[in-house]
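Heads up, my_file-v2.pdb below (PDB, C-alpha atoms):
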```pdb
MODEL        1
ATOM      1  CA  MET A  13     107.642  93.950 109.204
ATOM      2  CA  ILE A  14     109.104  96.349 106.638
ATOM      3  CA  ARG A  15     111.022  93.489 105.032
ATOM      4  CA  ILE A  16     107.821  91.571 104.424
ATOM      5  CA  VAL A  17     106.053  94.640 103.015
ATOM      6  CA  VAL A  18     108.905  95.387 100.599
ATOM      7  CA  LEU A  19     109.146  91.739  99.547
ATOM      8  CA  VAL A  20     105.395  91.442  98.913
ATOM      9  CA  SER A  21     105.331  94.756  97.032
ATOM     10  CA  ALA A  22     108.262  93.581  94.876
ATOM     11  CA  VAL A  23     106.404  90.385  94.002
ATOM     12  CA  LEU A  24     103.190  92.256  93.230
ATOM     13  CA  SER A  25     105.050  94.842  91.171
ATOM     14  CA  PHE A  26     105.709  92.234  88.484
ATOM     15  CA  PHE A  27     101.956  92.058  87.922
ATOM     16  CA  PHE A  28     100.946  95.702  88.232
ATOM     17  CA  PHE A  29     103.895  97.994  87.442
ATOM     18  CA  PRO A  30     106.232  98.460  84.451
ATOM     19  CA  TYR A  31     109.643  96.844  84.550
ATOM     20  CA  PRO A  32     111.673  99.865  85.803
ATOM     21  CA  VAL A  33     109.549 100.036  88.967
ATOM     22  CA  SER A  34     109.828  96.276  89.378
ATOM     23  CA  ALA A  35     113.593  96.480  89.021
ATOM     24  CA  LEU A  36     113.823  99.201  91.677
ATOM     25  CA  LEU A  37     111.654  97.223  94.076
ATOM     26  CA  LEU A  38     113.761  94.131  93.366
ATOM     27  CA  LEU A  39     116.863  96.093  94.351
ATOM     28  CA  ALA A  40     115.149  97.437  97.477
ATOM     29  CA  ALA A  41     114.080  93.933  98.484
ATOM     30  CA  ALA A  42     117.604  92.665  97.853
ATOM     31  CA  LEU A  43     119.033  95.331 100.137
ATOM     32  CA  LEU A  44     116.756  94.216 102.959
ATOM     33  CA  LEU A  45     116.915  90.464 102.248
ATOM     34  CA  PRO A  46     120.022  89.743 100.133
ATOM     35  CA  PHE A  47     118.918  86.497  98.505
ATOM     36  CA  ALA A  48     115.512  87.911  97.624
ATOM     37  CA  GLY A  49     117.094  89.600  94.594
ATOM     38  CA  PHE A  50     118.037  86.336  92.948
ATOM     39  CA  ALA A  51     114.761  84.659  93.941
ATOM     40  CA  LEU A  52     112.722  87.545  92.515
ATOM     41  CA  GLY A  53     114.841  87.504  89.355
ATOM     42  CA  LEU A  54     114.061  83.828  88.840
ATOM     43  CA  PHE A  55     110.391  84.517  89.548
ATOM     44  CA  ALA A  56     110.345  87.259  86.915
ATOM     45  CA  GLU A  57     112.059  84.980  84.399
ATOM     46  CA  ALA A  58     109.448  82.285  84.979
ATOM     47  CA  LEU A  59     106.630  84.820  84.804
ATOM     48  CA  TYR A  60     107.749  86.527  81.586
ATOM     49  CA  PHE A  61     109.194  83.475  79.826
ATOM     50  CA  SER A  62     108.681  83.426  76.066
ATOM     51  CA  PRO A  63     110.518  80.751  74.084
ATOM     52  CA  GLY A  64     112.933  82.099  71.502
ATOM     53  CA  VAL A  65     112.664  85.760  72.504
ATOM     54  CA  HIS A  66     116.039  86.204  74.150
ATOM     55  CA  VAL A  67     118.944  83.956  74.955
ATOM     56  CA  LEU A  68     120.115  85.536  78.217
ATOM     57  CA  PRO A  69     117.972  85.379  81.351
ATOM     58  CA  LEU A  70     118.154  89.128  82.001
ATOM     59  CA  TRP A  71     115.985  89.222  85.126
ATOM     60  CA  ALA A  72     117.934  86.381  86.728
ATOM     61  CA  ILE A  73     121.255  88.059  85.908
ATOM     62  CA  GLY A  74     119.938  91.348  87.296
ATOM     63  CA  GLY A  75     118.729  89.579  90.428
ATOM     64  CA  ALA A  76     122.115  87.912  90.866
ATOM     65  CA  CYS A  77     123.830  91.299  90.520
ATOM     66  CA  ALA A  78     121.421  92.810  93.051
ATOM     67  CA  THR A  79     122.150  89.934  95.441
ATOM     68  CA  ALA A  80     125.907  90.380  95.043
ATOM     69  CA  PHE A  81     125.566  94.133  95.588
ATOM     70  CA  ALA A  82     123.391  93.599  98.666
ATOM     71  CA  LEU A  83     125.826  91.089 100.156
ATOM     72  CA  LEU A  84     128.714  93.513  99.666
ATOM     73  CA  VAL A  85     126.745  96.360 101.213
ATOM     74  CA  HIS A  86     125.720  94.220 104.182
ATOM     75  CA  ARG A  87     129.302  93.118 104.756
ATOM     76  CA  PHE A  88     130.564  96.712 104.504
ATOM     77  CA  VAL A  89     127.913  98.072 106.852
ATOM     78  CA  LYS A  90     128.458  95.324 109.431
ATOM     79  CA  THR A  91     132.197  95.954 109.364
ATOM     80  CA  ARG A  92     131.751  99.702 109.862
ATOM     81  CA  ILE A  93     129.212  99.331 112.667
ATOM     82  CA  ILE A  94     131.339  96.891 114.675
ATOM     83  CA  GLU A  95     134.453  99.098 114.556
TER      84      GLU A  95
ENDMDL
END
```

As structure tokens - that is how I would like this structure written.
Amino acid sequence: MIRIVVLVSAVLSFFFFPYPVSALLLLAAALLLPFAGFALGLFAEALYFSPGVHVLPLWAIGGACATAFALLVHRFVKTRIIE
């Protein structure tokens, strides 16, 4: 249940909150659901797309980094719990 609440709040944060809060909620959602970080990054890129403004897809890169971080954390935590 908490995963769904965090995921929905991360999606809604793109509409109602400034980008630092959205980035924190993206990271929180990625920690609970690892691939949500990249999906939310792509969603933010599509939502805030403006042609010619910037070359790099910053939200997608940030989401990919959050996904990589979340996957590493999950792997580390699973390894420590099993031992």

Self-check item: Selection result for the PyMOL selection byres ((chain A and resi 36-43) around 6) on this file, as a PyMOL selection string
Solution: chain A and resi 18-19+22+33-35+44-46+48-49+78-79+82

Residue by residue, what does the PyMOL selection byres ((chain A and resi 57) around 8) grab here? Present the result as a PDB file with C-alpha atoms, keeping the file's coordinate frame.
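For reference, expr_39.pdb as written:
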```pdb
ATOM      1  CA  GLY A  53     114.841  87.504  89.355  1.00  0.00           C
ATOM      2  CA  LEU A  54     114.061  83.828  88.840  1.00  0.00           C
ATOM      3  CA  PHE A  55     110.391  84.517  89.548  1.00  0.00           C
ATOM      4  CA  ALA A  56     110.345  87.259  86.915  1.00  0.00           C
ATOM      5  CA  ALA A  58     109.448  82.285  84.979  1.00  0.00           C
ATOM      6  CA  LEU A  59     106.630  84.820  84.804  1.00  0.00           C
ATOM      7  CA  TYR A  60     107.749  86.527  81.586  1.00  0.00           C
ATOM      8  CA  PHE A  61     109.194  83.475  79.826  1.00  0.00           C
ATOM      9  CA  PRO A  69     117.972  85.379  81.351  1.00  0.00           C
ATOM     10  CA  LEU A  70     118.154  89.128  82.001  1.00  0.00           C
ATOM     11  CA  TRP A  71     115.985  89.222  85.126  1.00  0.00           C
ATOM     12  CA  ALA A  72     117.934  86.381  86.728  1.00  0.00           C
TER      13      ALA A  72
END
```

Quiz item: In Å, how far is it from atom CA of Leu68 of chain A to atom CA of Ser21 of chain A?
Solution: 25.6 Å

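The spacing separating atom CA of Ile73 of chain A from atom CA of Pro32 of chain A amounts to 15.2 Å.
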
Practice problem: Would you mind reading off the distance between atom CA of Gly74 of chain A and atom CA of Pro30 of chain A, one decimal, in Å? | Solution: 15.7 Å
